[in-house]
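Text of input.txt, listed as compact mmCIF, N, CA and C atoms:
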```txt
# COMPACT_ATOMS: atom_id res chain seq x y z
N MET A 1 112.81 106.33 114.16
CA MET A 1 112.96 105.32 115.18
C MET A 1 114.46 105.18 115.48
N TRP A 2 114.78 105.05 116.75
CA TRP A 2 116.16 104.77 117.12
C TRP A 2 116.18 103.60 118.09
N ILE A 3 117.35 102.97 118.17
CA ILE A 3 117.51 101.74 118.94
C ILE A 3 118.56 101.96 120.02
N GLU A 4 118.23 101.57 121.25
CA GLU A 4 119.18 101.65 122.35
C GLU A 4 119.44 100.23 122.86
N GLU A 5 120.71 99.92 123.04
CA GLU A 5 121.06 98.62 123.59
C GLU A 5 121.09 98.72 125.11
N ARG A 6 120.37 97.87 125.79
CA ARG A 6 120.26 97.91 127.24
C ARG A 6 120.71 96.57 127.81
N THR A 7 121.28 96.61 128.99
CA THR A 7 121.68 95.39 129.68
C THR A 7 120.86 95.26 130.95
N THR A 8 120.27 94.09 131.15
CA THR A 8 119.46 93.85 132.34
C THR A 8 120.37 93.50 133.51
N LYS A 9 119.79 93.40 134.68
CA LYS A 9 120.55 93.02 135.87
C LYS A 9 121.12 91.61 135.75
N ALA A 10 120.46 90.77 135.01
CA ALA A 10 120.91 89.40 134.82
C ALA A 10 122.02 89.31 133.77
N GLY A 11 122.31 90.41 133.09
CA GLY A 11 123.36 90.42 132.07
C GLY A 11 122.86 90.19 130.67
N ASP A 12 121.55 90.04 130.49
CA ASP A 12 120.99 89.84 129.16
C ASP A 12 120.98 91.17 128.41
N ILE A 13 121.13 91.09 127.09
CA ILE A 13 121.08 92.30 126.25
C ILE A 13 119.68 92.42 125.67
N ARG A 14 119.08 93.57 125.86
CA ARG A 14 117.75 93.88 125.34
C ARG A 14 117.88 95.12 124.45
N TYR A 15 116.96 95.29 123.53
CA TYR A 15 116.98 96.43 122.62
C TYR A 15 115.69 97.21 122.76
N ARG A 16 115.84 98.51 123.02
CA ARG A 16 114.68 99.40 123.16
C ARG A 16 114.54 100.20 121.88
N TYR A 17 113.39 100.09 121.25
CA TYR A 17 113.07 100.83 120.03
C TYR A 17 112.18 102.00 120.44
N SER A 18 112.59 103.22 120.07
CA SER A 18 111.87 104.41 120.51
C SER A 18 111.52 105.30 119.33
N GLU A 19 110.49 106.09 119.52
CA GLU A 19 110.04 107.05 118.51
C GLU A 19 109.45 108.25 119.24
N ARG A 20 109.63 109.45 118.67
CA ARG A 20 109.05 110.67 119.22
C ARG A 20 107.88 111.13 118.36
N TYR A 21 106.96 111.82 119.02
CA TYR A 21 105.83 112.42 118.31
C TYR A 21 105.39 113.66 119.08
N THR A 22 104.63 114.51 118.43
CA THR A 22 104.11 115.71 119.07
C THR A 22 102.67 115.48 119.46
N CYS A 23 102.36 115.69 120.73
CA CYS A 23 101.01 115.50 121.24
C CYS A 23 100.10 116.59 120.68
N PRO A 24 98.99 116.23 120.04
CA PRO A 24 98.12 117.25 119.46
C PRO A 24 97.36 118.06 120.52
N TYR A 25 97.25 117.55 121.74
CA TYR A 25 96.50 118.24 122.78
C TYR A 25 97.34 119.29 123.48
N THR A 26 98.61 118.96 123.74
CA THR A 26 99.47 119.87 124.51
C THR A 26 100.55 120.52 123.67
N GLY A 27 100.87 119.96 122.51
CA GLY A 27 101.92 120.50 121.68
C GLY A 27 103.31 120.09 122.14
N LYS A 28 103.41 119.24 123.15
CA LYS A 28 104.70 118.80 123.68
C LYS A 28 105.19 117.56 122.94
N ASN A 29 106.52 117.42 122.90
CA ASN A 29 107.11 116.21 122.32
C ASN A 29 107.04 115.09 123.34
N LYS A 30 106.57 113.94 122.90
CA LYS A 30 106.48 112.77 123.76
C LYS A 30 107.20 111.62 123.10
N ARG A 31 107.43 110.56 123.88
CA ARG A 31 108.20 109.43 123.41
C ARG A 31 107.47 108.13 123.75
N VAL A 32 107.47 107.21 122.79
CA VAL A 32 106.96 105.87 123.02
C VAL A 32 108.08 104.88 122.72
N SER A 33 108.05 103.74 123.40
CA SER A 33 109.11 102.76 123.17
C SER A 33 108.58 101.35 123.41
N VAL A 34 109.24 100.39 122.77
CA VAL A 34 109.00 98.97 122.98
C VAL A 34 110.35 98.29 123.13
N THR A 35 110.37 97.17 123.82
CA THR A 35 111.62 96.47 124.07
C THR A 35 111.52 95.03 123.57
N TYR A 36 112.58 94.59 122.86
CA TYR A 36 112.67 93.23 122.35
C TYR A 36 114.04 92.66 122.66
N ASN A 37 114.17 91.33 122.51
CA ASN A 37 115.43 90.65 122.78
C ASN A 37 116.39 90.66 121.60
N SER A 38 115.91 90.98 120.42
CA SER A 38 116.72 90.87 119.21
C SER A 38 116.81 92.22 118.50
N ASN A 39 117.79 92.32 117.60
CA ASN A 39 117.96 93.52 116.79
C ASN A 39 117.94 93.17 115.31
N SER A 40 117.21 92.13 114.93
CA SER A 40 117.15 91.71 113.53
C SER A 40 116.22 92.63 112.74
N ARG A 41 116.31 92.55 111.42
CA ARG A 41 115.46 93.39 110.57
C ARG A 41 113.98 93.06 110.78
N GLN A 42 113.69 91.81 111.00
CA GLN A 42 112.30 91.39 111.21
C GLN A 42 111.74 92.03 112.48
N VAL A 43 112.51 92.01 113.54
CA VAL A 43 112.07 92.62 114.80
C VAL A 43 111.97 94.13 114.65
N GLN A 44 112.86 94.74 113.88
CA GLN A 44 112.80 96.18 113.66
C GLN A 44 111.50 96.57 112.96
N LYS A 45 111.08 95.78 111.99
CA LYS A 45 109.82 96.07 111.29
C LYS A 45 108.61 95.90 112.23
N ILE A 46 108.66 94.86 113.06
CA ILE A 46 107.58 94.64 114.03
C ILE A 46 107.52 95.79 115.02
N ALA A 47 108.70 96.21 115.49
CA ALA A 47 108.77 97.31 116.46
C ALA A 47 108.26 98.60 115.83
N GLN A 48 108.62 98.87 114.57
CA GLN A 48 108.15 100.09 113.89
C GLN A 48 106.63 100.09 113.79
N ALA A 49 106.04 98.95 113.44
CA ALA A 49 104.58 98.86 113.33
C ALA A 49 103.92 99.06 114.68
N GLU A 50 104.50 98.48 115.73
CA GLU A 50 103.94 98.63 117.07
C GLU A 50 104.05 100.08 117.57
N LEU A 51 105.17 100.72 117.27
CA LEU A 51 105.34 102.13 117.67
C LEU A 51 104.34 103.03 116.94
N LEU A 52 104.15 102.79 115.65
CA LEU A 52 103.17 103.59 114.91
C LEU A 52 101.76 103.38 115.45
N ASN A 53 101.45 102.17 115.87
CA ASN A 53 100.13 101.88 116.45
C ASN A 53 99.97 102.61 117.79
N LYS A 54 101.03 102.62 118.62
CA LYS A 54 100.97 103.34 119.89
C LYS A 54 100.78 104.83 119.67
N ILE A 55 101.48 105.39 118.69
CA ILE A 55 101.36 106.82 118.39
C ILE A 55 99.95 107.12 117.88
N LYS A 56 99.43 106.24 117.05
CA LYS A 56 98.07 106.43 116.52
C LYS A 56 97.04 106.45 117.65
N LEU A 57 97.19 105.53 118.61
CA LEU A 57 96.26 105.49 119.74
C LEU A 57 96.41 106.72 120.63
N ALA A 58 97.64 107.20 120.80
CA ALA A 58 97.88 108.35 121.67
C ALA A 58 97.40 109.65 121.03
N THR A 59 97.44 109.74 119.72
CA THR A 59 97.05 110.97 119.03
C THR A 59 95.69 110.84 118.37
N ASN A 60 94.86 109.95 118.88
CA ASN A 60 93.55 109.72 118.30
C ASN A 60 92.65 110.93 118.53
N THR A 61 92.69 111.84 117.58
CA THR A 61 91.81 113.00 117.64
C THR A 61 90.68 112.78 116.65
N ASN A 62 89.50 112.72 117.14
CA ASN A 62 88.33 112.52 116.30
C ASN A 62 87.77 113.87 115.93
N GLY A 63 88.00 114.31 114.72
CA GLY A 63 87.52 115.61 114.28
C GLY A 63 86.01 115.68 114.14
N ASN A 64 85.37 114.53 113.99
CA ASN A 64 83.93 114.49 113.79
C ASN A 64 83.16 114.70 115.08
N GLU A 65 83.77 114.36 116.20
CA GLU A 65 83.07 114.43 117.48
C GLU A 65 83.36 115.75 118.17
N THR A 66 82.32 116.49 118.49
CA THR A 66 82.51 117.72 119.25
C THR A 66 81.98 117.47 120.66
N ILE A 67 82.79 117.82 121.63
CA ILE A 67 82.44 117.59 123.03
C ILE A 67 82.22 118.93 123.70
N THR A 68 81.08 119.06 124.34
CA THR A 68 80.78 120.30 125.06
C THR A 68 81.22 120.16 126.51
N LEU A 69 81.26 121.26 127.21
CA LEU A 69 81.62 121.25 128.62
C LEU A 69 80.64 120.42 129.43
N ASN A 70 79.38 120.50 129.08
CA ASN A 70 78.36 119.72 129.77
C ASN A 70 78.63 118.22 129.62
N ASP A 71 79.05 117.79 128.42
CA ASP A 71 79.37 116.38 128.20
C ASP A 71 80.56 115.94 129.04
N VAL A 72 81.57 116.79 129.13
CA VAL A 72 82.76 116.45 129.92
C VAL A 72 82.41 116.32 131.39
N ILE A 73 81.64 117.26 131.91
CA ILE A 73 81.25 117.22 133.32
C ILE A 73 80.38 116.00 133.60
N THR A 74 79.45 115.70 132.71
CA THR A 74 78.58 114.55 132.89
C THR A 74 79.37 113.24 132.88
N ARG A 75 80.31 113.13 131.94
CA ARG A 75 81.14 111.92 131.90
C ARG A 75 81.97 111.77 133.16
N PHE A 76 82.50 112.89 133.66
CA PHE A 76 83.30 112.83 134.88
C PHE A 76 82.45 112.40 136.07
N LEU A 77 81.28 112.99 136.22
CA LEU A 77 80.41 112.62 137.34
C LEU A 77 79.98 111.16 137.25
N ASP A 78 79.71 110.68 136.05
CA ASP A 78 79.31 109.29 135.88
C ASP A 78 80.45 108.33 136.20
N SER A 79 81.69 108.71 135.86
CA SER A 79 82.81 107.82 136.12
C SER A 79 83.10 107.68 137.61
N LYS A 80 82.77 108.69 138.40
CA LYS A 80 83.04 108.65 139.84
C LYS A 80 81.81 108.33 140.67
N ARG A 81 80.71 108.00 140.04
CA ARG A 81 79.43 107.80 140.71
C ARG A 81 79.50 106.69 141.77
N ASP A 82 80.21 105.61 141.50
CA ASP A 82 80.25 104.48 142.43
C ASP A 82 81.09 104.75 143.67
N PHE A 83 81.90 105.79 143.65
CA PHE A 83 82.79 106.06 144.77
C PHE A 83 82.25 107.11 145.75
N ARG A 84 81.09 107.64 145.47
CA ARG A 84 80.52 108.68 146.33
C ARG A 84 79.30 108.15 147.07
N LYS A 85 79.03 108.83 148.17
CA LYS A 85 77.79 108.52 148.88
C LYS A 85 76.62 109.00 148.02
N PRO A 86 75.48 108.33 148.13
CA PRO A 86 74.32 108.74 147.32
C PRO A 86 73.90 110.18 147.56
N SER A 87 74.00 110.66 148.80
CA SER A 87 73.60 112.04 149.08
C SER A 87 74.53 113.04 148.39
N THR A 88 75.81 112.73 148.35
CA THR A 88 76.77 113.61 147.68
C THR A 88 76.51 113.62 146.18
N GLN A 89 76.28 112.45 145.61
CA GLN A 89 76.01 112.37 144.18
C GLN A 89 74.73 113.10 143.82
N TYR A 90 73.72 113.02 144.67
CA TYR A 90 72.46 113.71 144.43
C TYR A 90 72.68 115.22 144.37
N SER A 91 73.46 115.75 145.31
CA SER A 91 73.69 117.20 145.32
C SER A 91 74.53 117.62 144.11
N MET A 92 75.49 116.78 143.70
CA MET A 92 76.30 117.12 142.52
C MET A 92 75.45 117.11 141.25
N ASP A 93 74.55 116.15 141.15
CA ASP A 93 73.66 116.10 139.99
C ASP A 93 72.76 117.34 139.95
N ASN A 94 72.24 117.74 141.09
CA ASN A 94 71.39 118.93 141.13
C ASN A 94 72.16 120.18 140.74
N LYS A 95 73.39 120.32 141.20
CA LYS A 95 74.21 121.48 140.83
C LYS A 95 74.51 121.48 139.34
N LEU A 96 74.72 120.31 138.78
CA LEU A 96 75.00 120.22 137.36
C LEU A 96 73.80 120.69 136.54
N TYR A 97 72.61 120.25 136.89
CA TYR A 97 71.43 120.61 136.14
C TYR A 97 71.00 122.06 136.36
N LEU A 98 71.39 122.65 137.47
CA LEU A 98 71.08 124.06 137.69
C LEU A 98 71.94 124.96 136.83
N HIS A 99 73.19 124.55 136.57
CA HIS A 99 74.10 125.42 135.83
C HIS A 99 74.02 125.23 134.32
N PHE A 100 73.58 124.07 133.87
CA PHE A 100 73.56 123.85 132.41
C PHE A 100 72.17 123.60 131.92
```

Write out the structure in this file as C-alpha cells.
Amino acid sequence: MWIEERTTKAGDIRYRYSERYTCPYTGKNKRVSVTYNSNSRQVQKIAQAELLNKIKLATNTNGNETITLNDVITRFLDSKRDFRKPSTQYSMDNKLYLHF
C-alpha cells in the first residue's frame, strides 16, 4: 500500500491509499484506491482493510463453479430481455435452443 497526498480545489489535504493487484482473468496489473482526510495509523489500518476487501471482491474466482458457454449466453439474454421487443426476444430464444 502506498499513500499519495492530494490537494482539493478548496485547498483541503486528502490522502489517497492505493494498492496494486494482478487480475486473475486478464493477467494485467490493476489498481484500487480509497481516499480519507487523515493520515493517522488508525486510518491507515482501516484503508488497508478496505483495499483488501476491494481486491477480494475484484478477484473473486469461484473454483467450484463451472460455467458453460450455454450458461453465459442464457444469462446474457436474460439480462437484456426487458430491453428488446418480444418478437426479437422470441427469435433469439429460438436460435439459442437450436444451437445448444

Point-to-point distance from atom CA of A:Tyr21 to atom N of A:Ile55, Å rounded to tenths: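 According to the coordinates, atom CA of A:Tyr21 and atom N of A:Ile55 are separated by 8.3 Å.
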
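Near A:Tyr17, within 6 Å and counting only C-alpha atoms, sit Trp2, Ile3, Ser33 and Val34 of chain A; same-chain residues fewer than 2 positions away were not included.
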
Point-to-point distance from atom N of A:Leu51 to atom C of A:Asn29, Å rounded to tenths: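 Those two atoms sit 15.7 Å apart.
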
Surrounding residues of A:Tyr15 excluding itself and chain neighbours under 6 positions, 6.5 Å, only N, CA and C atoms, as a VMD selection string: chain A and resid 3 to 6 34 to 38

Test item: residues at most 8 Å from A:Met1, all atoms listed in the file, excluding those fewer than 5 positions along its chain, as a VMD selection string: chain A and resid 17 to 20 48

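Going from atom N of A:Lys85 to atom CA of A:Asp71 covers 21.4 Å.
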
Can you tell me, as a PDB file with N, CA and C atoms, in the coordinates of the input, which residues in stretch 5-89 of chain A count as strand (DSSP E or B) by DSSP?
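Output saved as result_32.pdb:
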```pdb
ATOM      1  N   GLU A   5     120.710  99.920 123.040  1.00  0.00           N
ATOM      2  CA  GLU A   5     121.060  98.620 123.590  1.00  0.00           C
ATOM      3  C   GLU A   5     121.090  98.720 125.110  1.00  0.00           C
ATOM      4  N   ARG A   6     120.370  97.870 125.790  1.00  0.00           N
ATOM      5  CA  ARG A   6     120.260  97.910 127.240  1.00  0.00           C
ATOM      6  C   ARG A   6     120.710  96.570 127.810  1.00  0.00           C
ATOM      7  N   THR A   7     121.280  96.610 128.990  1.00  0.00           N
ATOM      8  CA  THR A   7     121.680  95.390 129.680  1.00  0.00           C
ATOM      9  C   THR A   7     120.860  95.260 130.950  1.00  0.00           C
ATOM     10  N   ILE A  13     121.130  91.090 127.090  1.00  0.00           N
ATOM     11  CA  ILE A  13     121.080  92.300 126.250  1.00  0.00           C
ATOM     12  C   ILE A  13     119.680  92.420 125.670  1.00  0.00           C
ATOM     13  N   ARG A  14     119.080  93.570 125.860  1.00  0.00           N
ATOM     14  CA  ARG A  14     117.750  93.880 125.340  1.00  0.00           C
ATOM     15  C   ARG A  14     117.880  95.120 124.450  1.00  0.00           C
ATOM     16  N   TYR A  15     116.960  95.290 123.530  1.00  0.00           N
ATOM     17  CA  TYR A  15     116.980  96.430 122.620  1.00  0.00           C
ATOM     18  C   TYR A  15     115.690  97.210 122.760  1.00  0.00           C
ATOM     19  N   ARG A  16     115.840  98.510 123.020  1.00  0.00           N
ATOM     20  CA  ARG A  16     114.680  99.400 123.160  1.00  0.00           C
ATOM     21  C   ARG A  16     114.540 100.200 121.880  1.00  0.00           C
ATOM     22  N   TYR A  17     113.390 100.090 121.250  1.00  0.00           N
ATOM     23  CA  TYR A  17     113.070 100.830 120.030  1.00  0.00           C
ATOM     24  C   TYR A  17     112.180 102.000 120.440  1.00  0.00           C
ATOM     25  N   SER A  18     112.590 103.220 120.070  1.00  0.00           N
ATOM     26  CA  SER A  18     111.870 104.410 120.510  1.00  0.00           C
ATOM     27  C   SER A  18     111.520 105.300 119.330  1.00  0.00           C
ATOM     28  N   GLU A  19     110.490 106.090 119.520  1.00  0.00           N
ATOM     29  CA  GLU A  19     110.040 107.050 118.510  1.00  0.00           C
ATOM     30  C   GLU A  19     109.450 108.250 119.240  1.00  0.00           C
ATOM     31  N   ARG A  20     109.630 109.450 118.670  1.00  0.00           N
ATOM     32  CA  ARG A  20     109.050 110.670 119.220  1.00  0.00           C
ATOM     33  C   ARG A  20     107.880 111.130 118.360  1.00  0.00           C
ATOM     34  N   TYR A  21     106.960 111.820 119.020  1.00  0.00           N
ATOM     35  CA  TYR A  21     105.830 112.420 118.310  1.00  0.00           C
ATOM     36  C   TYR A  21     105.390 113.660 119.080  1.00  0.00           C
ATOM     37  N   THR A  22     104.630 114.510 118.430  1.00  0.00           N
ATOM     38  CA  THR A  22     104.110 115.710 119.070  1.00  0.00           C
ATOM     39  C   THR A  22     102.670 115.480 119.460  1.00  0.00           C
ATOM     40  N   ASN A  29     106.520 117.420 122.900  1.00  0.00           N
ATOM     41  CA  ASN A  29     107.110 116.210 122.320  1.00  0.00           C
ATOM     42  C   ASN A  29     107.040 115.090 123.340  1.00  0.00           C
ATOM     43  N   LYS A  30     106.570 113.940 122.900  1.00  0.00           N
ATOM     44  CA  LYS A  30     106.480 112.770 123.760  1.00  0.00           C
ATOM     45  C   LYS A  30     107.200 111.620 123.100  1.00  0.00           C
ATOM     46  N   ARG A  31     107.430 110.560 123.880  1.00  0.00           N
ATOM     47  CA  ARG A  31     108.200 109.430 123.410  1.00  0.00           C
ATOM     48  C   ARG A  31     107.470 108.130 123.750  1.00  0.00           C
ATOM     49  N   VAL A  32     107.470 107.210 122.790  1.00  0.00           N
ATOM     50  CA  VAL A  32     106.960 105.870 123.020  1.00  0.00           C
ATOM     51  C   VAL A  32     108.080 104.880 122.720  1.00  0.00           C
ATOM     52  N   SER A  33     108.050 103.740 123.400  1.00  0.00           N
ATOM     53  CA  SER A  33     109.110 102.760 123.170  1.00  0.00           C
ATOM     54  C   SER A  33     108.580 101.350 123.410  1.00  0.00           C
ATOM     55  N   VAL A  34     109.240 100.390 122.770  1.00  0.00           N
ATOM     56  CA  VAL A  34     109.000  98.970 122.980  1.00  0.00           C
ATOM     57  C   VAL A  34     110.350  98.290 123.130  1.00  0.00           C
ATOM     58  N   THR A  35     110.370  97.170 123.820  1.00  0.00           N
ATOM     59  CA  THR A  35     111.620  96.470 124.070  1.00  0.00           C
ATOM     60  C   THR A  35     111.520  95.030 123.570  1.00  0.00           C
ATOM     61  N   TYR A  36     112.580  94.590 122.860  1.00  0.00           N
ATOM     62  CA  TYR A  36     112.670  93.230 122.350  1.00  0.00           C
ATOM     63  C   TYR A  36     114.040  92.660 122.660  1.00  0.00           C
TER      64      TYR A  36
END
```

Box for stretch 39-48 of chain A - axis-aligned, 3 Å on each of the six sides, all listed atoms - centre and size in Å to one decimal, as lines of an AutoDock Vina configuration file.
```
center_x = 112.3
center_y = 95.7
center_z = 114.1
size_x = 17.3
size_y = 14.7
size_z = 13.0
```

Complete stretch 7-18 of chain A at the level of all heavy atoms, written as an mmCIF file, in the coordinates of the input.
```
data_model
loop_
_atom_site.group_PDB
_atom_site.id
_atom_site.type_symbol
_atom_site.label_atom_id
_atom_site.label_comp_id
_atom_site.auth_asym_id
_atom_site.auth_seq_id
_atom_site.Cartn_x
_atom_site.Cartn_y
_atom_site.Cartn_z
ATOM 1 N N THR A 7 121.280 96.610 128.990
ATOM 2 C CA THR A 7 121.680 95.390 129.680
ATOM 3 C C THR A 7 120.860 95.260 130.950
ATOM 4 O O THR A 7 120.755 96.194 131.743
ATOM 5 C CB THR A 7 123.179 95.435 130.039
ATOM 6 O OG1 THR A 7 123.929 95.698 128.859
ATOM 7 C CG2 THR A 7 123.629 94.124 130.619
ATOM 8 N N THR A 8 120.270 94.090 131.150
ATOM 9 C CA THR A 8 119.460 93.850 132.340
ATOM 10 C C THR A 8 120.370 93.500 133.510
ATOM 11 O O THR A 8 121.578 93.313 133.350
ATOM 12 C CB THR A 8 118.464 92.705 132.094
ATOM 13 O OG1 THR A 8 119.198 91.517 131.838
ATOM 14 C CG2 THR A 8 117.542 93.007 130.926
ATOM 15 N N LYS A 9 119.790 93.400 134.680
ATOM 16 C CA LYS A 9 120.550 93.020 135.870
ATOM 17 C C LYS A 9 121.120 91.610 135.750
ATOM 18 O O LYS A 9 122.163 91.296 136.321
ATOM 19 C CB LYS A 9 119.681 93.120 137.118
ATOM 20 C CG LYS A 9 119.326 94.522 137.492
ATOM 21 C CD LYS A 9 118.480 94.558 138.742
ATOM 22 C CE LYS A 9 118.093 95.982 139.077
ATOM 23 N NZ LYS A 9 117.230 96.029 140.263
ATOM 24 N N ALA A 10 120.460 90.770 135.010
ATOM 25 C CA ALA A 10 120.910 89.400 134.820
ATOM 26 C C ALA A 10 122.020 89.310 133.770
ATOM 27 O O ALA A 10 122.587 88.245 133.564
ATOM 28 C CB ALA A 10 119.743 88.511 134.413
ATOM 29 N N GLY A 11 122.310 90.410 133.090
ATOM 30 C CA GLY A 11 123.360 90.420 132.070
ATOM 31 C C GLY A 11 122.860 90.190 130.670
ATOM 32 O O GLY A 11 123.659 90.124 129.732
ATOM 33 N N ASP A 12 121.550 90.040 130.490
ATOM 34 C CA ASP A 12 120.990 89.840 129.160
ATOM 35 C C ASP A 12 120.980 91.170 128.410
ATOM 36 O O ASP A 12 120.820 92.233 128.993
ATOM 37 C CB ASP A 12 119.563 89.303 129.252
ATOM 38 C CG ASP A 12 119.501 87.965 129.954
ATOM 39 O OD1 ASP A 12 120.514 87.241 129.919
ATOM 40 O OD2 ASP A 12 118.444 87.659 130.541
ATOM 41 N N ILE A 13 121.130 91.090 127.090
ATOM 42 C CA ILE A 13 121.080 92.300 126.250
ATOM 43 C C ILE A 13 119.680 92.420 125.670
ATOM 44 O O ILE A 13 119.144 91.476 125.089
ATOM 45 C CB ILE A 13 122.132 92.243 125.133
ATOM 46 C CG1 ILE A 13 123.530 92.228 125.744
ATOM 47 C CG2 ILE A 13 121.968 93.421 124.190
ATOM 48 C CD1 ILE A 13 124.645 92.092 124.740
ATOM 49 N N ARG A 14 119.080 93.570 125.860
ATOM 50 C CA ARG A 14 117.750 93.880 125.340
ATOM 51 C C ARG A 14 117.880 95.120 124.450
ATOM 52 O O ARG A 14 118.798 95.922 124.638
ATOM 53 C CB ARG A 14 116.768 94.152 126.463
ATOM 54 C CG ARG A 14 116.700 93.081 127.537
ATOM 55 C CD ARG A 14 115.642 92.110 127.365
ATOM 56 N NE ARG A 14 114.361 92.773 127.292
ATOM 57 C CZ ARG A 14 113.227 92.139 127.188
ATOM 58 N NH1 ARG A 14 113.210 90.857 127.197
ATOM 59 N NH2 ARG A 14 112.101 92.784 127.085
ATOM 60 N N TYR A 15 116.960 95.290 123.530
ATOM 61 C CA TYR A 15 116.980 96.430 122.620
ATOM 62 C C TYR A 15 115.690 97.210 122.760
ATOM 63 O O TYR A 15 114.599 96.659 122.659
ATOM 64 C CB TYR A 15 117.159 95.948 121.176
ATOM 65 C CG TYR A 15 118.482 95.237 120.973
ATOM 66 C CD1 TYR A 15 118.579 93.859 121.103
ATOM 67 C CD2 TYR A 15 119.619 95.965 120.670
ATOM 68 C CE1 TYR A 15 119.785 93.218 120.938
ATOM 69 C CE2 TYR A 15 120.838 95.329 120.490
ATOM 70 C CZ TYR A 15 120.908 93.949 120.628
ATOM 71 O OH TYR A 15 122.110 93.316 120.467
ATOM 72 N N ARG A 16 115.840 98.510 123.020
ATOM 73 C CA ARG A 16 114.680 99.400 123.160
ATOM 74 C C ARG A 16 114.540 100.200 121.880
ATOM 75 O O ARG A 16 115.456 100.920 121.477
ATOM 76 C CB ARG A 16 114.850 100.340 124.338
ATOM 77 C CG ARG A 16 113.658 101.298 124.473
ATOM 78 C CD ARG A 16 113.862 102.319 125.532
ATOM 79 N NE ARG A 16 113.741 101.651 126.829
ATOM 80 C CZ ARG A 16 114.020 102.244 127.976
ATOM 81 N NH1 ARG A 16 114.460 103.474 127.997
ATOM 82 N NH2 ARG A 16 113.871 101.594 129.108
ATOM 83 N N TYR A 17 113.390 100.090 121.250
ATOM 84 C CA TYR A 17 113.070 100.830 120.030
ATOM 85 C C TYR A 17 112.180 102.000 120.440
ATOM 86 O O TYR A 17 111.145 101.807 121.067
ATOM 87 C CB TYR A 17 112.332 99.918 119.038
ATOM 88 C CG TYR A 17 113.152 98.716 118.627
ATOM 89 C CD1 TYR A 17 113.118 97.543 119.367
ATOM 90 C CD2 TYR A 17 113.968 98.770 117.522
ATOM 91 C CE1 TYR A 17 113.873 96.444 119.009
ATOM 92 C CE2 TYR A 17 114.731 97.678 117.141
ATOM 93 C CZ TYR A 17 114.679 96.512 117.892
ATOM 94 O OH TYR A 17 115.434 95.444 117.535
ATOM 95 N N SER A 18 112.590 103.220 120.070
ATOM 96 C CA SER A 18 111.870 104.410 120.510
ATOM 97 C C SER A 18 111.520 105.300 119.330
ATOM 98 O O SER A 18 112.189 105.284 118.291
ATOM 99 C CB SER A 18 112.737 105.211 121.489
ATOM 100 O OG SER A 18 113.121 104.420 122.568
#
```
